file my_file-v4.txt (compact mmCIF, C-alpha atoms and all ligand atoms)
# COMPACT_ATOMS: atom_id res chain seq x y z
CA MET E 1 23.93 82.06 6.63
CA ILE E 2 20.74 80.02 6.61
CA GLU E 3 21.93 78.31 3.41
CA GLN E 4 24.95 77.01 5.28
CA THR E 5 22.79 75.66 8.06
CA PHE E 6 20.81 73.67 5.51
CA GLU E 7 23.92 72.50 3.74
CA ARG E 8 25.43 71.26 6.95
CA LEU E 9 22.24 69.61 8.00
CA GLU E 10 21.91 67.94 4.64
CA SER E 11 25.46 66.68 4.41
CA ARG E 12 25.44 65.42 8.00
CA SER E 13 22.16 63.63 7.38
CA ARG E 14 23.43 62.10 4.15
CA GLU E 15 26.44 60.75 6.01
CA ARG E 16 24.18 59.21 8.63
CA ILE E 17 22.02 57.68 5.89
CA ALA E 18 25.06 56.19 4.22
CA ALA E 19 26.32 54.86 7.55
CA ALA E 20 23.02 53.20 8.54
CA MET E 21 23.52 49.42 8.44
CA SER E 22 19.91 48.29 8.71
CA ARG E 23 16.38 49.42 7.99
CA GLU E 24 15.95 50.11 11.69
CA GLU E 25 18.96 52.44 11.83
CA LEU E 26 17.73 54.14 8.68
CA GLU E 27 14.30 54.67 10.24
CA ALA E 28 15.96 56.29 13.28
CA VAL E 29 17.73 58.75 10.98
CA ARG E 30 14.46 59.57 9.23
CA VAL E 31 12.73 60.27 12.53
CA ASP E 32 15.61 62.51 13.67
CA VAL E 33 15.65 64.56 10.50
CA LEU E 34 12.22 64.40 8.89
CA GLY E 35 10.04 63.31 11.79
CA ARG E 36 7.40 65.49 13.47
CA LYS E 37 9.92 66.55 16.11
CA GLY E 38 12.92 66.31 13.78
CA GLU E 39 15.44 68.95 12.80
CA LEU E 40 13.60 70.17 9.72
CA ALA E 41 10.36 70.47 11.68
CA ARG E 42 12.14 72.59 14.27
CA ILE E 43 13.47 74.95 11.62
CA SER E 44 10.10 75.25 9.97
CA LYS E 45 8.58 76.15 13.33
CA GLU E 46 10.99 79.05 13.66
CA MET E 47 9.89 80.39 10.29
CA GLY E 48 6.97 82.15 11.96
CA SER E 49 9.25 84.96 13.10
CA LEU E 50 10.63 85.66 9.62
CA THR E 51 9.50 88.27 7.15
CA ALA E 52 7.39 87.11 4.22
CA GLU E 53 10.30 87.44 1.86
CA GLU E 54 12.67 85.47 4.07
CA ARG E 55 10.04 82.89 4.70
CA ALA E 56 9.71 82.22 0.97
CA ARG E 57 13.45 81.76 0.61
CA VAL E 58 13.82 79.55 3.64
CA GLY E 59 10.72 77.58 2.68
CA LYS E 60 12.27 76.78 -0.66
CA LEU E 61 15.51 75.67 0.97
CA LEU E 62 13.54 73.62 3.46
CA ASN E 63 11.58 71.84 0.73
CA GLY E 64 14.72 71.22 -1.29
CA ALA E 65 16.46 69.69 1.74
CA LYS E 66 13.39 67.63 2.59
CA GLN E 67 13.01 66.20 -0.92
CA GLY E 68 16.73 65.52 -1.27
CA LEU E 69 16.88 63.63 2.05
CA GLU E 70 13.69 61.69 1.35
CA ALA E 71 15.17 60.50 -1.95
CA ALA E 72 18.42 59.54 -0.23
CA LEU E 73 16.48 57.54 2.38
CA GLU E 74 14.48 55.74 -0.33
CA ALA E 75 17.64 54.93 -2.27
CA ARG E 76 19.30 53.46 0.83
CA LYS E 77 16.18 51.50 1.66
CA ALA E 78 16.18 50.04 -1.86
CA GLU E 79 19.77 48.95 -1.34
CA PHE E 80 18.74 47.03 1.77
CA ASP E 81 15.86 45.41 -0.13
CA ARG E 82 18.16 44.32 -2.93
CA ALA E 83 20.67 42.87 -0.47
CA ALA E 84 17.91 41.03 1.41
CA LEU E 85 16.54 39.56 -1.82
CA ALA E 86 20.00 38.50 -2.95
CA ALA E 87 20.62 36.79 0.40
CA ARG E 88 17.30 34.98 0.19
CA LEU E 89 17.85 33.81 -3.36
CA ASP E 90 21.23 32.55 -2.35
CA ALA E 91 19.81 30.64 0.62
CA GLU E 92 16.90 29.15 -1.30
CA TRP E 93 18.84 28.23 -4.38
CA VAL E 94 17.79 24.94 -5.96
CA ASP E 95 19.53 23.14 -8.79
CA LEU E 96 16.66 22.29 -11.10
CA THR E 97 18.93 20.25 -13.33
CA LEU E 98 19.62 17.65 -10.61
CA PRO E 99 17.90 14.31 -11.31
CA ALA E 100 14.72 13.82 -9.20
CA THR E 101 14.74 11.16 -6.50
CA GLY E 102 11.31 9.85 -7.56
CA ALA E 103 8.32 9.02 -5.37
CA PRO E 104 8.60 5.80 -3.35
CA ARG E 105 6.55 3.09 -5.06
CA GLY E 106 4.67 0.30 -3.38
CA SER E 107 4.67 -3.24 -4.68
CA LEU E 108 2.23 -6.12 -4.74
CA HIS E 109 2.29 -8.71 -2.00
CA PRO E 110 3.64 -12.06 -3.24
CA ILE E 111 0.30 -13.74 -2.50
CA THR E 112 -1.54 -11.06 -4.47
CA ILE E 113 0.81 -11.62 -7.43
CA ILE E 114 0.22 -15.36 -7.50
CA GLN E 115 -3.49 -15.03 -6.85
CA SER E 116 -4.06 -12.70 -9.77
CA GLU E 117 -1.99 -14.89 -12.10
CA ILE E 118 -4.12 -17.92 -11.19
CA GLU E 119 -7.32 -15.91 -11.56
CA ASP E 120 -6.29 -14.83 -15.07
CA LEU E 121 -5.46 -18.39 -16.03
CA PHE E 122 -8.75 -19.86 -14.80
CA VAL E 123 -10.84 -17.04 -16.21
CA SER E 124 -9.24 -17.82 -19.59
CA MET E 125 -10.47 -21.41 -19.16
CA GLY E 126 -14.06 -20.38 -18.48
CA PHE E 127 -14.00 -20.28 -14.67
CA THR E 128 -15.76 -17.65 -12.55
CA VAL E 129 -13.96 -16.05 -9.60
CA LEU E 130 -16.15 -16.15 -6.48
CA ASP E 131 -15.81 -14.50 -3.11
CA GLY E 132 -17.12 -15.81 0.18
CA PRO E 133 -17.24 -14.41 3.72
CA GLU E 134 -14.47 -15.06 6.23
CA VAL E 135 -17.09 -15.43 8.96
CA GLU E 136 -19.00 -18.53 7.91
CA THR E 137 -21.79 -20.71 9.18
CA GLU E 138 -20.94 -24.06 10.67
CA TYR E 139 -23.19 -25.57 8.01
CA ASN E 140 -21.26 -24.19 5.03
CA ASN E 141 -17.85 -24.82 6.55
CA PHE E 142 -18.60 -28.39 7.68
CA ASP E 143 -22.03 -29.99 7.26
CA ALA E 144 -22.60 -29.15 3.59
CA LEU E 145 -19.15 -30.53 2.87
CA ASN E 146 -20.12 -33.92 4.23
CA ILE E 147 -18.54 -33.31 7.63
CA PRO E 148 -21.35 -33.93 10.17
CA PRO E 149 -20.97 -32.73 13.79
CA ASP E 150 -19.58 -35.97 15.20
CA HIS E 151 -17.23 -36.53 12.28
CA PRO E 152 -13.57 -36.90 13.31
CA ALA E 153 -12.56 -34.73 10.34
CA ARG E 154 -13.75 -31.70 12.32
CA ASP E 155 -10.77 -32.22 14.58
CA MET E 156 -8.41 -32.10 11.59
CA GLN E 157 -8.91 -28.34 11.54
CA ASP E 158 -8.66 -26.37 14.78
CA THR E 159 -11.48 -23.93 14.50
CA PHE E 160 -11.90 -20.40 15.85
CA TRP E 161 -15.50 -20.36 17.04
CA LEU E 162 -17.44 -17.13 17.51
CA LYS E 163 -19.92 -16.51 20.32
CA SER E 164 -22.68 -16.30 17.70
CA GLY E 165 -22.13 -19.98 16.83
CA GLN E 166 -20.52 -18.95 13.55
CA LEU E 167 -16.83 -19.52 12.90
CA LEU E 168 -13.85 -18.15 11.01
CA ARG E 169 -13.75 -20.36 7.93
CA THR E 170 -11.03 -22.99 8.24
CA HIS E 171 -10.76 -23.42 4.46
CA THR E 172 -12.10 -21.91 1.25
CA SER E 173 -14.21 -25.03 0.57
CA PRO E 174 -17.45 -23.40 1.89
CA VAL E 175 -17.33 -21.18 -1.19
CA GLN E 176 -17.94 -24.39 -3.22
CA VAL E 177 -21.24 -24.68 -1.40
CA ARG E 178 -22.12 -21.05 -2.08
CA GLY E 179 -21.08 -21.46 -5.74
CA MET E 180 -23.20 -24.58 -6.30
CA GLN E 181 -26.21 -22.93 -4.70
CA LYS E 182 -25.82 -19.67 -6.54
CA LEU E 183 -24.79 -20.82 -10.00
CA GLY E 184 -26.00 -24.44 -10.31
CA PRO E 185 -24.54 -26.92 -12.83
CA PRO E 186 -22.62 -26.86 -15.11
CA LEU E 187 -20.19 -24.89 -13.00
CA ARG E 188 -16.57 -23.77 -13.15
CA MET E 189 -15.42 -21.61 -10.27
CA ILE E 190 -12.41 -20.64 -8.22
CA ALA E 191 -12.44 -18.88 -4.84
CA PRO E 192 -9.25 -17.37 -3.45
CA GLY E 193 -9.30 -16.17 0.13
CA ARG E 194 -8.06 -15.96 3.66
CA VAL E 195 -8.61 -18.83 6.08
CA PHE E 196 -8.02 -19.23 9.81
CA ARG E 197 -6.95 -22.01 12.12
CA ASN E 198 -6.22 -22.09 15.79
CA GLU E 199 -2.59 -23.05 15.29
CA GLU E 200 0.55 -22.49 17.28
CA VAL E 201 2.54 -20.07 15.10
CA ASP E 202 6.06 -21.01 13.99
CA ALA E 203 8.18 -20.83 10.83
CA SER E 204 5.82 -23.15 8.96
CA HIS E 205 2.47 -22.61 10.73
CA GLU E 206 0.23 -19.56 10.80
CA HIS E 207 -3.23 -18.97 12.21
CA THR E 208 -4.04 -16.95 9.08
CA PHE E 209 -3.15 -18.02 5.57
CA TYR E 210 -4.46 -18.12 2.01
CA GLN E 211 -6.04 -20.84 -0.08
CA LEU E 212 -7.58 -21.00 -3.50
CA GLU E 213 -10.51 -23.32 -3.95
CA GLY E 214 -11.52 -24.63 -7.33
CA MET E 215 -14.50 -26.62 -8.53
CA MET E 216 -15.82 -27.88 -11.81
CA VAL E 217 -19.20 -29.60 -12.10
CA ASP E 218 -20.31 -31.01 -15.42
CA ARG E 219 -21.32 -34.30 -17.05
CA GLU E 220 -18.74 -37.08 -16.97
CA VAL E 221 -15.85 -35.22 -15.36
CA SER E 222 -12.91 -37.60 -14.90
CA VAL E 223 -9.71 -37.83 -12.85
CA GLY E 224 -7.96 -37.23 -16.19
CA ASN E 225 -9.71 -33.84 -16.45
CA LEU E 226 -8.66 -33.04 -12.90
CA ILE E 227 -5.01 -33.88 -13.59
CA TYR E 228 -5.05 -31.82 -16.79
CA PHE E 229 -6.26 -28.69 -15.00
CA MET E 230 -3.87 -29.19 -12.10
CA LYS E 231 -0.86 -29.61 -14.37
CA THR E 232 -1.88 -26.56 -16.40
CA LEU E 233 -2.20 -24.59 -13.18
CA LEU E 234 1.17 -25.63 -11.79
CA SER E 235 3.19 -25.25 -14.98
CA SER E 236 1.72 -21.80 -15.48
CA ILE E 237 2.68 -20.74 -11.96
CA PHE E 238 6.17 -22.18 -12.06
CA ARG E 239 6.61 -21.29 -15.74
CA LYS E 240 7.87 -24.75 -16.64
CA ASP E 241 6.54 -28.27 -16.91
CA VAL E 242 6.29 -29.80 -13.48
CA THR E 243 6.26 -33.47 -12.64
CA VAL E 244 3.32 -34.42 -10.45
CA ARG E 245 2.18 -37.55 -8.66
CA LEU E 246 -1.12 -38.47 -7.09
CA ARG E 247 -1.43 -40.21 -3.76
CA PRO E 248 -4.70 -41.20 -2.18
CA GLY E 249 -5.77 -38.64 0.41
CA TYR E 250 -8.82 -38.44 2.60
CA PHE E 251 -11.19 -35.47 2.61
CA PRO E 252 -14.88 -36.04 3.35
CA PHE E 253 -16.01 -33.86 0.44
CA VAL E 254 -14.21 -35.80 -2.30
CA GLU E 255 -14.26 -39.45 -3.37
CA PRO E 256 -11.74 -40.50 -4.50
CA GLY E 257 -9.55 -37.89 -2.80
CA PHE E 258 -5.92 -37.22 -3.61
CA GLU E 259 -2.83 -35.46 -2.45
CA LEU E 260 -1.17 -34.07 -5.53
CA ASP E 261 2.57 -33.68 -5.04
CA ILE E 262 5.02 -31.86 -7.29
CA GLU E 263 8.61 -32.84 -7.74
CA CYS E 264 10.64 -30.49 -5.55
CA LEU E 265 11.64 -27.45 -7.58
CA ILE E 266 14.48 -26.56 -5.27
CA CYS E 267 16.44 -29.80 -5.66
CA GLY E 268 14.78 -31.27 -8.77
CA GLY E 269 13.77 -34.39 -6.85
CA ALA E 270 17.17 -35.25 -5.41
CA GLY E 271 16.16 -34.43 -1.84
CA CYS E 272 16.73 -31.23 0.18
CA PRO E 273 15.51 -29.58 3.42
CA VAL E 274 12.50 -28.00 1.66
CA CYS E 275 11.10 -31.38 0.57
CA LYS E 276 12.41 -33.03 3.72
CA GLN E 277 14.72 -35.18 1.56
CA SER E 278 11.76 -36.86 -0.14
CA GLY E 279 12.09 -35.12 -3.53
CA TRP E 280 8.34 -34.32 -3.46
CA VAL E 281 6.30 -31.44 -2.06
CA GLU E 282 2.66 -31.82 -1.08
CA LEU E 283 0.83 -28.91 -2.66
CA LEU E 284 -2.61 -29.63 -3.98
CA PRO E 285 -5.25 -31.72 -2.27
CA CYS E 286 -8.07 -32.56 -4.69
CA GLY E 287 -10.53 -35.20 -5.81
CA LEU E 288 -13.86 -35.95 -7.43
CA VAL E 289 -16.74 -34.29 -5.62
CA GLN E 290 -18.49 -36.57 -3.15
CA PRO E 291 -22.08 -37.24 -4.37
CA ASN E 292 -23.51 -36.17 -0.97
CA VAL E 293 -21.90 -32.77 -1.38
CA LEU E 294 -23.61 -32.25 -4.72
CA ARG E 295 -26.93 -33.53 -3.38
CA MET E 296 -26.87 -31.26 -0.31
CA SER E 297 -26.51 -28.25 -2.58
CA GLY E 298 -29.35 -29.32 -4.83
CA ILE E 299 -27.39 -30.96 -7.65
CA ASP E 300 -28.40 -34.45 -8.82
CA PRO E 301 -25.29 -36.68 -8.63
CA GLU E 302 -26.87 -39.13 -11.10
CA GLU E 303 -26.66 -36.45 -13.75
CA TRP E 304 -23.67 -34.36 -12.70
CA ASN E 305 -20.26 -34.93 -11.20
CA GLY E 306 -17.14 -32.84 -10.79
CA PHE E 307 -13.74 -32.25 -9.31
CA ALA E 308 -12.55 -29.89 -6.61
CA PHE E 309 -9.18 -28.76 -5.33
CA GLY E 310 -7.84 -26.63 -2.50
CA LEU E 311 -4.58 -24.96 -3.38
CA GLY E 312 -2.43 -23.62 -0.54
CA LEU E 313 -1.68 -20.15 -1.89
CA THR E 314 0.61 -19.33 1.00
CA ARG E 315 2.57 -22.56 0.56
CA LEU E 316 2.77 -21.90 -3.17
CA ALA E 317 4.13 -18.37 -2.69
CA MET E 318 6.75 -19.77 -0.33
CA MET E 319 7.78 -22.37 -2.90
CA ARG E 320 7.93 -19.98 -5.80
CA TYR E 321 9.89 -17.26 -4.02
CA ALA E 322 11.89 -19.61 -1.78
CA ILE E 323 10.52 -17.97 1.40
CA ASP E 324 11.52 -20.07 4.39
CA ASP E 325 9.41 -18.48 7.14
CA ILE E 326 5.64 -18.26 6.79
CA ARG E 327 5.47 -15.42 9.33
CA LEU E 328 7.10 -13.06 6.85
CA LEU E 329 3.98 -13.13 4.68
CA GLN E 330 1.74 -11.65 7.37
CA GLY E 331 4.41 -9.61 9.12
CA GLY E 332 4.19 -6.39 7.11
CA ASP E 333 7.96 -5.86 7.21
CA LEU E 334 8.75 -3.44 4.36
CA ARG E 335 12.26 -4.84 3.93
CA PHE E 336 10.61 -8.13 2.98
CA LEU E 337 7.76 -6.67 0.92
CA HIS E 338 9.96 -4.35 -1.15
CA GLN E 339 11.58 -7.39 -2.76
CA PHE E 340 8.54 -8.27 -4.85
N1 LIG D 401 -10.32 -27.78 2.25
C1 LIG D 401 -9.19 -28.66 2.39
C2 LIG D 401 -8.28 -28.16 3.51
O1 LIG D 401 -8.20 -27.00 3.73
C3 LIG D 401 -8.39 -28.73 1.14
C4 LIG D 401 -9.10 -29.45 0.03
C5 LIG D 401 -8.92 -30.78 -0.15
C6 LIG D 401 -9.98 -28.77 -0.81
C7 LIG D 401 -9.52 -31.47 -1.15
C8 LIG D 401 -10.62 -29.46 -1.84
C9 LIG D 401 -10.38 -30.83 -1.99
O2 LIG D 401 -11.45 -28.86 -2.69
O3 LIG D 401 -10.99 -31.47 -3.01
O4 LIG D 401 -7.65 -28.94 4.14
call {"tool": "encode", "arguments": {"input": "my_file-v4.txt", "output": "structure tokens"}}
result
Amino acid sequence: MIEQTFERLESRSRERIAAAMSREELEAVRVDVLGRKGELARISKEMGSLTAEERARVGKLLNGAKQGLEAALEARKAEFDRAALAARLDAEWVDLTLPATGAPRGSLHPITIIQSEIEDLFVSMGFTVLDGPEVETEYNNFDALNIPPDHPARDMQDTFWLKSGQLLRTHTSPVQVRGMQKLGPPLRMIAPGRVFRNEEVDASHEHTFYQLEGMMVDREVSVGNLIYFMKTLLSSIFRKDVTVRLRPGYFPFVEPGFELDIECLICGGAGCPVCKQSGWVELLPCGLVQPNVLRMSGIDPEEWNGFAFGLGLTRLAMMRYAIDDIRLLQGGDLRFLHQF
């Protein structure tokens, strides 16, 4: 009689366990059957009224039913766990054999590329690379370069003045002054850097651009030496022999001063929009250092002389990479920068 009660209870419970579709439903079954107020608990409460002999028999049945149902619950729970794991593995599946996309890589700015090439070249020829501040004194930017306050050449460069009386350097030439004072003669130096002019910005004018200054001071430096270094510089940058010509040019810090032009690399000298149909591109102002400039920096011009040049790095990058708008160089547009 009591055996049948247990059998029924067990088989009904097993059916409910099998029918449970989630851990929550399963837990509800467990509470109903095995919980403190569940069916087995109720039966065991009634055992108080039984004889000792009956109690032992029923107790055994009760324990058997309890253990059997606990095992069935565990087994069902394990099934849910397996299914959950399988679903998760399926959802998070990754094909490790697919080729990786690779991390995005940056690239060097065209000016940086050209600047480091020129630095390597000049270092190989015994030149030192110098750095100077972008905020300069009026003296270094103008006076020490033989441009006194009332000199009309000051108007050639529209200057950004600071309230302090200092200025944003309008060219890299003040680094010549710093180089002469720091290193003394004989001297071979270059100074790449950023310069600033109060210019209206358009496709060929920027308020911020790059130059590379060069200076050599020694005994008996000639225009021939100057031309040699300039041709070496240009053919190394353009990776071929370039045809150059010298025209007289005026800069207060050189005498004689020149504009060094190269034959247009776009049209080979035939004439095109880049060279404004002239076949020549103005690229490299230079000259022999004005004796006053040496003297003002403590070098005796009777004993020493030299050459200097001021390469337009920005202009050069535009020539080499055929960039037709100067604003691209400062613009930070990744579509432009990724091409280098
Ligand atoms: N500093 C001049 C400029 O920015 C360029 C220049 C001309 C530099 C002649 C030189 C030089 O060293 O010899 O316009």
call {"tool": "residues_near_ligand", "arguments": {"input": "my_file-v4.txt", "ligand": "ligand LIG 401 (chain D)", "cutoff": "6 Å", "atoms": "all atoms listed in the file", "output": "JSON, numbers by chain"}}
result
{"E": [171, 173, 213, 251, 254, 285, 286, 287, 308, 309, 310]}
call {"tool": "closest_residue", "arguments": {"input": "my_file-v4.txt", "among": "E:Ile43, E:Met216, E:Ala72, E:Ile326", "to": "Ser11 of chain E", "atoms": "all atoms listed in the file"}}
result
E:Ala72
call {"tool": "closest_residue", "arguments": {"input": "my_file-v4.txt", "among": "E:Thr314, E:Val293, E:Ala91, E:Gly165", "to": "Thr137 of chain E", "atoms": "only C-alpha atoms"}}
result
E:Gly165
call {"tool": "residues_around", "arguments": {"input": "my_file-v4.txt", "residues": "segment 176-184 of chain E", "least_positions_apart": "6", "cutoff": "7 Å", "atoms": "all atoms listed in the file", "output": "list of chain:residue names"}}
result
E:Asn140, E:Ala144, E:Met215, E:Ser297
call {"tool": "write_last_selection", "arguments": {"input": "my_file-v4.txt", "atoms": "C-alpha atoms", "output": "PDB file, keeping the file's coordinate frame"}}
result
ATOM      1  CA  ASN E 140     -21.260 -24.190   5.030  1.00  0.00           C
ATOM      2  CA  ALA E 144     -22.600 -29.150   3.590  1.00  0.00           C
ATOM      3  CA  MET E 215     -14.500 -26.620  -8.530  1.00  0.00           C
ATOM      4  CA  SER E 297     -26.510 -28.250  -2.580  1.00  0.00           C
TER       5      SER E 297
END
call {"tool": "closest_atom_pairs", "arguments": {"input": "my_file-v4.txt", "of": "segment 68-94 of chain E", "to": "segment 21-36 of chain E", "cutoff": "9 Å", "atoms": "all atoms listed in the file", "output": "tab-separated table"}}
result
residue	atom	partner	partner_atom	distance
E:Leu69	CA	E:Leu34	CA	8.3
E:Glu70	CA	E:Leu34	CA	8.1
E:Leu73	CA	E:Leu26	CA	7.3
E:Arg76	CA	E:Leu26	CA	8.0
E:Lys77	CA	E:Arg23	CA	6.7
E:Phe80	CA	E:Arg23	CA	7.1
call {"tool": "residues_around", "arguments": {"input": "my_file-v4.txt", "residues": "segment 330-335 of chain E", "least_positions_apart": "5", "cutoff": "10 Å", "atoms": "only C-alpha atoms", "output": "ChimeraX atom specification"}}
result
/E:106-107,109,206,208-209
call {"tool": "decode", "arguments": {"input": "my_file-v4.txt", "residues": "segment 178-187 of chain E", "atoms": "all heavy atoms", "output": "short mmCIF file (atom, residue, chain, number, x, y, z; two decimals), in the first residue's frame"}}
result
data_model
loop_
_atom_site.label_atom_id
_atom_site.label_comp_id
_atom_site.auth_asym_id
_atom_site.auth_seq_id
_atom_site.Cartn_x
_atom_site.Cartn_y
_atom_site.Cartn_z
N ARG E 178 72.68 81.00 -34.21
CA ARG E 178 72.89 80.14 -33.04
C ARG E 178 74.04 79.16 -33.28
O ARG E 178 74.83 78.88 -32.38
CB ARG E 178 71.61 79.37 -32.72
CG ARG E 178 70.51 80.29 -32.22
CD ARG E 178 69.19 79.55 -32.05
NE ARG E 178 68.18 80.46 -31.49
CZ ARG E 178 68.00 80.65 -30.18
NH1 ARG E 178 68.73 79.99 -29.31
NH2 ARG E 178 67.10 81.52 -29.76
N GLY E 179 74.11 78.61 -34.51
CA GLY E 179 75.17 77.65 -34.84
C GLY E 179 76.55 78.28 -34.78
O GLY E 179 77.48 77.72 -34.20
N MET E 180 76.69 79.48 -35.37
CA MET E 180 77.99 80.16 -35.36
C MET E 180 78.42 80.45 -33.94
O MET E 180 79.59 80.29 -33.59
CB MET E 180 77.91 81.47 -36.17
CG MET E 180 77.88 81.25 -37.67
SD MET E 180 77.96 82.80 -38.59
CE MET E 180 76.30 83.42 -38.39
N GLN E 181 77.45 80.90 -33.12
CA GLN E 181 77.81 81.25 -31.74
C GLN E 181 78.15 80.03 -30.91
O GLN E 181 79.02 80.05 -30.07
CB GLN E 181 76.66 82.04 -31.10
CG GLN E 181 76.55 83.43 -31.71
CD GLN E 181 75.32 84.20 -31.24
OE1 GLN E 181 74.52 83.67 -30.47
NE2 GLN E 181 75.16 85.41 -31.72
N LYS E 182 77.46 78.94 -31.18
CA LYS E 182 77.64 77.76 -30.35
C LYS E 182 78.88 76.96 -30.79
O LYS E 182 79.64 76.48 -29.95
CB LYS E 182 76.40 76.87 -30.47
CG LYS E 182 76.39 75.68 -29.55
CD LYS E 182 75.03 74.99 -29.56
CE LYS E 182 75.15 73.62 -28.89
NZ LYS E 182 74.16 72.67 -29.38
N LEU E 183 79.05 76.81 -32.09
CA LEU E 183 80.08 75.89 -32.58
C LEU E 183 81.36 76.60 -33.05
O LEU E 183 82.43 76.00 -33.02
CB LEU E 183 79.52 75.03 -33.71
CG LEU E 183 78.26 74.19 -33.37
CD1 LEU E 183 77.68 73.55 -34.61
CD2 LEU E 183 78.58 73.13 -32.32
N GLY E 184 81.24 77.84 -33.52
CA GLY E 184 82.42 78.54 -34.04
C GLY E 184 82.94 77.90 -35.32
O GLY E 184 82.48 76.83 -35.71
N PRO E 185 83.93 78.57 -35.97
CA PRO E 185 84.46 78.01 -37.23
C PRO E 185 85.54 76.96 -36.96
O PRO E 185 86.15 77.01 -35.88
CB PRO E 185 85.06 79.25 -37.91
CG PRO E 185 85.49 80.13 -36.77
CD PRO E 185 84.55 79.87 -35.63
N PRO E 186 85.85 76.03 -37.90
CA PRO E 186 85.05 75.76 -39.10
C PRO E 186 83.72 75.10 -38.73
O PRO E 186 83.64 74.45 -37.71
CB PRO E 186 85.94 74.80 -39.90
CG PRO E 186 86.75 74.10 -38.86
CD PRO E 186 86.96 75.09 -37.75
N LEU E 187 82.74 75.26 -39.59
CA LEU E 187 81.39 74.89 -39.21
C LEU E 187 80.64 74.31 -40.41
O LEU E 187 80.70 74.86 -41.51
CB LEU E 187 80.69 76.17 -38.73
CG LEU E 187 79.18 76.20 -38.58
CD1 LEU E 187 78.75 75.38 -37.37
CD2 LEU E 187 78.70 77.64 -38.42
#
